[in-house]
Amino acid sequence: MIIRPISQCSKTFDFNPRRVWPSAFPALSWKGQMICGFDRVDGEGLDLSEKHFVDLWQACHPELGLGEFSRFMISLEREWPDLFVEWREALCAIYGWRWSDRLYQMLCVIYLCPREFQIFIDEKKMSVRDLAPLLAVEDVRVVADLLRELPRMMISKFEATRALELFVELFLMGRPLNDLLPSGDNGGLYVRRLEQWRKPNSSEQDEEWKKTVNAWPWPSQVQAEWQRFGDQSGIEIKFRTTSPDDFQKKLERLLTIPDTWSCKN
Amino acid sequence: MQELVSKFDHVFIDELSRGSVVAERFLSLFPASKISFVSEKPFAESRGELSSREFDRSKRNLFVTPFKGQFFKRCPGSRPGLACCNYFVLNWGLQCDMNCSYCYLQSFINTPVLTIYSNLDSALIELREMAESKTGETTLGLQKLRIGTGETVDSLSLDPLTMYSHRLMEFFREYPAWTLEFKTKSAYVDQFLNVEHAGNVIVSWSINPQHIIEREEHGTASLTQRLAAAEKCRDKYFQIAFHIDPMIWHPEWESNYGSLVDEICARFTPAQIPYLSVGALRFQAEQRSIMRERFGMNSYVTRAETFPSQDGKVRYDSKLRQAMFQFVMNRFKQNSADWKIFMCMETPETWLQAAGGSPFKDHSLHELFDRAPLTAVRQLSSSSPN
């Protein structure tokens with residue numbers, strides 16, 4: 001077993017992992033490159049150059065997000081381009097990804113994103129598909145301001161994915177960046193605002209219908225609302241009834257609604 | 001021909017296709033520097049979902065190889081929940097040399113080259129076996145089947161290179177009950193106009209207003225070229241069909257689609273066109289990414305206000321679709337009640353709203369939506385040992 005002073009090892013592959021290497025374990029290196037325990041500045045580490053790099057990497061970092069992986073892969077490509085080509089498929093397989101040109105493009109884009117966004121996508125476990133809108137932006141650094149804002153918001157993974165897509169599309173459609181940045185920290189509200197901008201015609205029509213339907217003469221204890229169900233929209237009706245007579249009355253009142261509706265159409 | 005040859009960076013011919021008719025033809029048409037014989041699929045490193053640049057490259061590189069699967073399939077429109085016509089497809093290739101922003105191949109293709117299958121003979125053997133097989137009292141060759149070749153490749157845009165139209169038309173002469181449909185956005189028809197046919201060949205064009213062709217159907221023939229090609233076919237007694245599909249919403253859609261309908265009505269009569277189909281923009285949700293990357297957000301397609309529909313594709317709001325279909329159908333019917341129009345890949349609800357009833361009950365569309373041929377093919381498939 002070879003022991004090597006940490007000071008003699010290169011930290012090219014320091015990808016700033018989210019998880020700190022356990023202090024009880026020694027730092028490890030491979031052919032002079034540290035592969036874990038990057039935060040350590042002195043002391044000694046084990047040199048495991050006789051092991052296969054991919055196996056060793058998997059043992060040290062069994063779970064990585066796309067942000068961490070992009071930082072590692074880009075540094076690997078720069079340092080050892082030949083080995084990058086040789087190992088890229090095996091390294092991707094560790095994390096359940098399949099190497100492809102599309103994944104490579106994605107890693108390059110993520111690498112250029114602000115660090116706080118890289119951490120955010122790892123925490124939210126966002127996928128290549130979730131982040132795909134970024135591939136449409138010529139230089140992702142242009143939208144860095146939004147990418148810094150998203151992690152500061154109260155936003156679910158679903159909302160963040162949707163916000164990212166809407167933001168990118170609206171930006172590419174010519175909407176000014178300042179307009180598009182969130183004004184508060186409520187992710188749900190932000191997504192709704194972007195949706196309205198992205199689908200102005202449908203949103204306007206739905207809003208108009210909502211107001212119209214609300215104004216119709218609904219019987220008491222009947223809740224009716226104009227709703228969108230995918231590519232269709234219509235009225236969702238809920239009501240409470242207490243007896244067969246009451247049920248009958250409500251139905252009779254409801255049967256007058258189609259006439260009102262036809263007039264509107 | 002030179003224009004077509006110059007579209008491609010390279011032609012890869014599979015060693016297994018060496019000596020095939022199509023390989024010999026490519027050898028005679030392309031300069032030697034553009035041709036290589038290969039024993040493996042080119043660009044093998046491109047795997048899985050193609051990136052936008054790989055997809056672009058795949059349009060510029062031809063691969064001639066034998067197809068090892070089943071050539072004959074039912075149209076993908078035949079899904080539960082959609083009112084679909086009796087359409088079967090025969091795929092002799094994969095990928096298209098043209099570049100429509102909405103093309104569904106963008107979500108479908110994971111092969112890095114435009115592939116042309118060299119064993120068309122195998123496809124014809126498969127078809128002949130089907131035609132001669134019995135379903136109940138009759139042989140399938142006597143049933144009315146529509147078979148198209150434009151599902152995974154444009155039927156005619158590469159035809160001057162392959163000349164597959166000749167062999168297909170010769171084959172269909174033997175089965176006059178069957179109909180062969182070429183579906184194209186090109187104007188390449190001259191190469192087959194003088195081939196003898198049994199009157200059962202439909203040459204159909206997917207058409208859109210010129211404004212949409214310029215914005216969304218890159219590398220395709222202009223509307224004028226397509227209509228002129230249709231006239232040439234009509235004059236040689238081919239059946240003609242038009243697919244106004246996908247209709248794409250844009251601010252001037254009524255005026256542009258109105259003019260398109262008027263243009264068709266001015267050049268053709270209902271008797272010359274057995275049917276017209278209309279369809280509205282639709283695509284798989286996953287396709288949005290590659291379209292955005294390849295065409296940006298200045299395209300009417302990527303900018304469209306779309307919503308998920310029941311079959312998993314995204315579409316315009318159902319009311320907008322109905323309005324667009326109704327507009328086109330009314331415009332045709334104003335010209336003549338004899339135009340036969342059906343909606344492609346639409347739900348029964350849309351039929352009801354836009355056309356006033358189910359296609360299965362419309363006598364003028366009876367042949368298209370007759371379920372008997374489909375039942376016969378199903379019976380045959382279920383009784384097959386494979």
# chains A, B, ... in the order shown; residues from 1 in each chain; ligands from 1

$ residues_around --residues "Ser70 (chain A)" --least-positions-apart "3" --cutoff "8 Å" --atoms "only C-alpha atoms" --output "MDAnalysis selection string"
chainID A and resid 66:67 73:74 107:108 110:111

$ residues_around --residues "region 127-136 of chain A" --least-positions-apart "6" --cutoff "10 Å" --atoms "only C-alpha atoms" --output "ChimeraX atom specification"
/A:65-66,97,102-103,105-110,113,121,143,157-158,160-162,164-169,172 /B:51-52,286,288-297

$ write_last_selection --atoms "C-alpha atoms" --output "tab-separated table (two decimals), in the first residue's frame"
chain	number	residue	atom	x	y	z
A	65	GLY	CA	-26.27	14.99	-9.00
A	66	LEU	CA	-25.93	16.45	-12.46
A	97	TRP	CA	-27.27	7.87	-17.18
A	102	ARG	CA	-27.08	15.25	-25.74
A	103	LEU	CA	-25.95	14.42	-22.21
A	105	GLN	CA	-24.12	19.11	-24.21
A	106	MET	CA	-26.18	19.22	-21.05
A	107	LEU	CA	-23.15	18.74	-18.81
A	108	CYS	CA	-21.33	21.56	-20.61
A	109	VAL	CA	-24.32	23.87	-20.11
A	110	ILE	CA	-24.73	22.98	-16.44
A	113	CYS	CA	-24.50	27.77	-14.68
A	121	ILE	CA	-30.60	21.08	-9.23
A	143	VAL	CA	-29.84	33.96	-18.04
A	157	LYS	CA	-39.20	20.64	-8.23
A	158	PHE	CA	-42.26	20.57	-10.51
A	160	ALA	CA	-38.95	24.93	-10.85
A	161	THR	CA	-38.96	22.74	-13.95
A	162	ARG	CA	-41.97	24.53	-15.36
A	164	LEU	CA	-37.32	27.20	-16.17
A	165	GLU	CA	-39.06	26.16	-19.39
A	166	LEU	CA	-41.43	29.12	-19.42
A	167	PHE	CA	-38.67	31.54	-18.56
A	168	VAL	CA	-36.39	30.28	-21.34
A	169	GLU	CA	-39.18	30.30	-23.92
A	172	LEU	CA	-36.17	33.57	-26.48
B	51	SER	CA	-28.80	15.82	-29.91
B	52	SER	CA	-29.95	18.61	-32.19
B	286	GLU	CA	-40.90	15.47	-25.37
B	288	ARG	CA	-40.64	20.41	-27.66
B	289	SER	CA	-36.99	20.45	-26.53
B	290	ILE	CA	-35.39	19.50	-29.81
B	291	MET	CA	-37.74	21.77	-31.79
B	292	ARG	CA	-36.77	24.68	-29.53
B	293	GLU	CA	-33.10	23.90	-29.99
B	294	ARG	CA	-33.33	23.49	-33.76
B	295	PHE	CA	-35.77	26.23	-34.67
B	296	GLY	CA	-35.67	28.67	-31.76
B	297	MET	CA	-38.79	30.47	-30.62

$ closest_atom_pairs --of "chain B" --to "chain A" --cutoff "12 Å" --atoms "only C-alpha atoms" --output "Markdown table"
| residue | atom | partner | partner_atom | distance |
| --- | --- | --- | --- | --- |
| B:Phe43 | CA | A:Asp101 | CA | 11.5 |
| B:Ala44 | CA | A:Ser100 | CA | 11.0 |
| B:Glu45 | CA | A:Ser100 | CA | 8.0 |
| B:Ser46 | CA | A:Ser100 | CA | 6.5 |
| B:Arg47 | CA | A:Ser100 | CA | 6.0 |
| B:Gly48 | CA | A:Ser100 | CA | 6.6 |
| B:Glu49 | CA | A:Arg102 | CA | 7.2 |
| B:Leu50 | CA | A:Arg102 | CA | 6.5 |
| B:Ser51 | CA | A:Arg102 | CA | 4.6 |
| B:Ser52 | CA | A:Arg102 | CA | 7.8 |
| B:Arg53 | CA | A:Asp101 | CA | 8.8 |
| B:Glu54 | CA | A:Asp101 | CA | 7.8 |
| B:Phe55 | CA | A:Arg102 | CA | 10.6 |
| B:Asn110 | CA | A:Ser100 | CA | 11.0 |
| B:Pro112 | CA | A:Asp101 | CA | 11.4 |
| B:Trp249 | CA | A:Asn201 | CA | 11.8 |
| B:His250 | CA | A:Asn201 | CA | 12.0 |
| B:Pro251 | CA | A:Asn201 | CA | 11.4 |
| B:Arg282 | CA | A:Asp231 | CA | 11.1 |
| B:Ala285 | CA | A:Arg129 | CA | 11.1 |
| B:Glu286 | CA | A:Arg129 | CA | 8.4 |
| B:Gln287 | CA | A:Arg129 | CA | 10.9 |
| B:Arg288 | CA | A:Pro133 | CA | 9.0 |
| B:Ser289 | CA | A:Ala132 | CA | 6.3 |
| B:Ile290 | CA | A:Ala136 | CA | 8.3 |
| B:Met291 | CA | A:Ala136 | CA | 9.1 |
| B:Arg292 | CA | A:Ala136 | CA | 6.0 |
| B:Glu293 | CA | A:Ala136 | CA | 4.4 |
| B:Arg294 | CA | A:Ala136 | CA | 8.0 |
| B:Phe295 | CA | A:Ala136 | CA | 9.1 |
| B:Gly296 | CA | A:Ala136 | CA | 7.0 |
| B:Met297 | CA | A:Met173 | CA | 5.6 |
| B:Asn298 | CA | A:Met173 | CA | 6.7 |
| B:Ser299 | CA | A:Met173 | CA | 9.7 |
| B:Tyr300 | CA | A:Met173 | CA | 11.0 |
| B:Thr302 | CA | A:Glu169 | CA | 8.7 |
| B:Arg303 | CA | A:Met173 | CA | 7.9 |
| B:Ala304 | CA | A:Lys199 | CA | 8.1 |
| B:Glu305 | CA | A:Lys199 | CA | 5.4 |
| B:Thr306 | CA | A:Asp231 | CA | 7.3 |
| B:Phe307 | CA | A:Asp231 | CA | 4.7 |
| B:Pro308 | CA | A:Gly230 | CA | 4.9 |
| B:Ser309 | CA | A:Asp231 | CA | 5.3 |
| B:Gln310 | CA | A:Gly230 | CA | 7.9 |
| B:Asp311 | CA | A:Asp231 | CA | 10.8 |
| B:Gly312 | CA | A:Gly230 | CA | 10.1 |
| B:Lys313 | CA | A:Asp231 | CA | 9.9 |
| B:Val314 | CA | A:Asp231 | CA | 7.7 |
| B:Arg315 | CA | A:Asp231 | CA | 6.5 |
| B:Tyr316 | CA | A:Asp231 | CA | 6.4 |
| B:Asp317 | CA | A:Asp231 | CA | 4.5 |
| B:Ser318 | CA | A:Gln232 | CA | 5.5 |
| B:Lys319 | CA | A:Gln232 | CA | 7.4 |
| B:Leu320 | CA | A:Asp231 | CA | 9.6 |
| B:Arg321 | CA | A:Asp231 | CA | 9.7 |
| B:Gln322 | CA | A:Gln232 | CA | 11.2 |
| B:Thr347 | CA | A:Asp231 | CA | 11.7 |
| B:Glu349 | CA | A:Gln232 | CA | 10.7 |
| B:Thr350 | CA | A:Gln232 | CA | 10.7 |

$ residues_around --residues "Glu50 (chain A)" --least-positions-apart "4" --cutoff "10 Å" --atoms "only C-alpha atoms" --output "list in words"
Met1, Ile2, Trp30 and Lys31 of chain A

$ select_by_dssp --residues "region 31-237 of chain A" --states "strand (DSSP E)" --output "PyMOL selection string"
chain A and resi 33-34+44-47+222-229+232-237

$ decode --residues "region 164-185 of chain B" --atoms "N, CA and C atoms" --output "mmCIF file, in the first residue's frame"
data_model
loop_
_atom_site.group_PDB
_atom_site.id
_atom_site.type_symbol
_atom_site.label_atom_id
_atom_site.label_comp_id
_atom_site.auth_asym_id
_atom_site.auth_seq_id
_atom_site.Cartn_x
_atom_site.Cartn_y
_atom_site.Cartn_z
ATOM 1 N N TYR B 164 -37.963 3.916 -56.310
ATOM 2 C CA TYR B 164 -38.816 2.889 -55.699
ATOM 3 C C TYR B 164 -40.268 2.995 -56.191
ATOM 4 N N SER B 165 -40.663 4.192 -56.610
ATOM 5 C CA SER B 165 -42.046 4.361 -57.073
ATOM 6 C C SER B 165 -42.350 3.374 -58.207
ATOM 7 N N HIS B 166 -41.362 3.154 -59.074
ATOM 8 C CA HIS B 166 -41.600 2.265 -60.230
ATOM 9 C C HIS B 166 -41.960 0.858 -59.770
ATOM 10 N N ARG B 167 -41.150 0.338 -58.829
ATOM 11 C CA ARG B 167 -41.370 -1.054 -58.409
ATOM 12 C C ARG B 167 -42.666 -1.188 -57.621
ATOM 13 N N LEU B 168 -42.965 -0.176 -56.833
ATOM 14 C CA LEU B 168 -44.207 -0.240 -56.058
ATOM 15 C C LEU B 168 -45.424 -0.178 -56.974
ATOM 16 N N MET B 169 -45.350 0.694 -57.977
ATOM 17 C CA MET B 169 -46.495 0.821 -58.893
ATOM 18 C C MET B 169 -46.686 -0.457 -59.707
ATOM 19 N N GLU B 170 -45.569 -1.046 -60.101
ATOM 20 C CA GLU B 170 -45.673 -2.321 -60.837
ATOM 21 C C GLU B 170 -46.349 -3.372 -59.961
ATOM 22 N N PHE B 171 -45.948 -3.424 -58.700
ATOM 23 C CA PHE B 171 -46.522 -4.411 -57.775
ATOM 24 C C PHE B 171 -48.025 -4.169 -57.590
ATOM 25 N N PHE B 172 -48.391 -2.916 -57.391
ATOM 26 C CA PHE B 172 -49.807 -2.615 -57.128
ATOM 27 C C PHE B 172 -50.699 -2.808 -58.358
ATOM 28 N N ARG B 173 -50.083 -2.917 -59.516
ATOM 29 C CA ARG B 173 -50.885 -3.242 -60.714
ATOM 30 C C ARG B 173 -51.541 -4.606 -60.549
ATOM 31 N N GLU B 174 -50.873 -5.489 -59.782
ATOM 32 C CA GLU B 174 -51.404 -6.844 -59.601
ATOM 33 C C GLU B 174 -52.548 -6.880 -58.590
ATOM 34 N N TYR B 175 -52.659 -5.838 -57.774
ATOM 35 C CA TYR B 175 -53.686 -5.830 -56.721
ATOM 36 C C TYR B 175 -54.531 -4.557 -56.832
ATOM 37 N N PRO B 176 -55.390 -4.511 -57.811
ATOM 38 C CA PRO B 176 -56.131 -3.264 -58.058
ATOM 39 C C PRO B 176 -57.081 -2.865 -56.932
ATOM 40 N N ALA B 177 -57.439 -3.820 -56.055
ATOM 41 C CA ALA B 177 -58.315 -3.443 -54.933
ATOM 42 C C ALA B 177 -57.538 -2.640 -53.888
ATOM 43 N N TRP B 178 -56.239 -2.829 -53.871
ATOM 44 C CA TRP B 178 -55.425 -2.088 -52.912
ATOM 45 C C TRP B 178 -55.064 -0.733 -53.493
ATOM 46 N N THR B 179 -54.839 0.213 -52.603
ATOM 47 C CA THR B 179 -54.437 1.548 -53.056
ATOM 48 C C THR B 179 -53.066 1.879 -52.482
ATOM 49 N N LEU B 180 -52.213 2.347 -53.351
ATOM 50 C CA LEU B 180 -50.879 2.782 -52.924
ATOM 51 C C LEU B 180 -50.908 4.299 -52.805
ATOM 52 N N GLU B 181 -50.488 4.802 -51.660
ATOM 53 C CA GLU B 181 -50.482 6.261 -51.511
ATOM 54 C C GLU B 181 -49.070 6.784 -51.308
ATOM 55 N N PHE B 182 -48.656 7.652 -52.203
ATOM 56 C CA PHE B 182 -47.413 8.391 -52.004
ATOM 57 C C PHE B 182 -47.793 9.695 -51.321
ATOM 58 N N LYS B 183 -47.085 9.995 -50.252
ATOM 59 C CA LYS B 183 -47.390 11.223 -49.505
ATOM 60 C C LYS B 183 -46.122 12.075 -49.489
ATOM 61 N N THR B 184 -46.209 13.292 -49.948
ATOM 62 C CA THR B 184 -44.968 14.050 -50.118
ATOM 63 C C THR B 184 -45.139 15.538 -49.887
ATOM 64 N N LYS B 185 -44.009 16.199 -49.676
ATOM 65 C CA LYS B 185 -43.985 17.675 -49.700
ATOM 66 C C LYS B 185 -43.024 18.125 -50.796
#
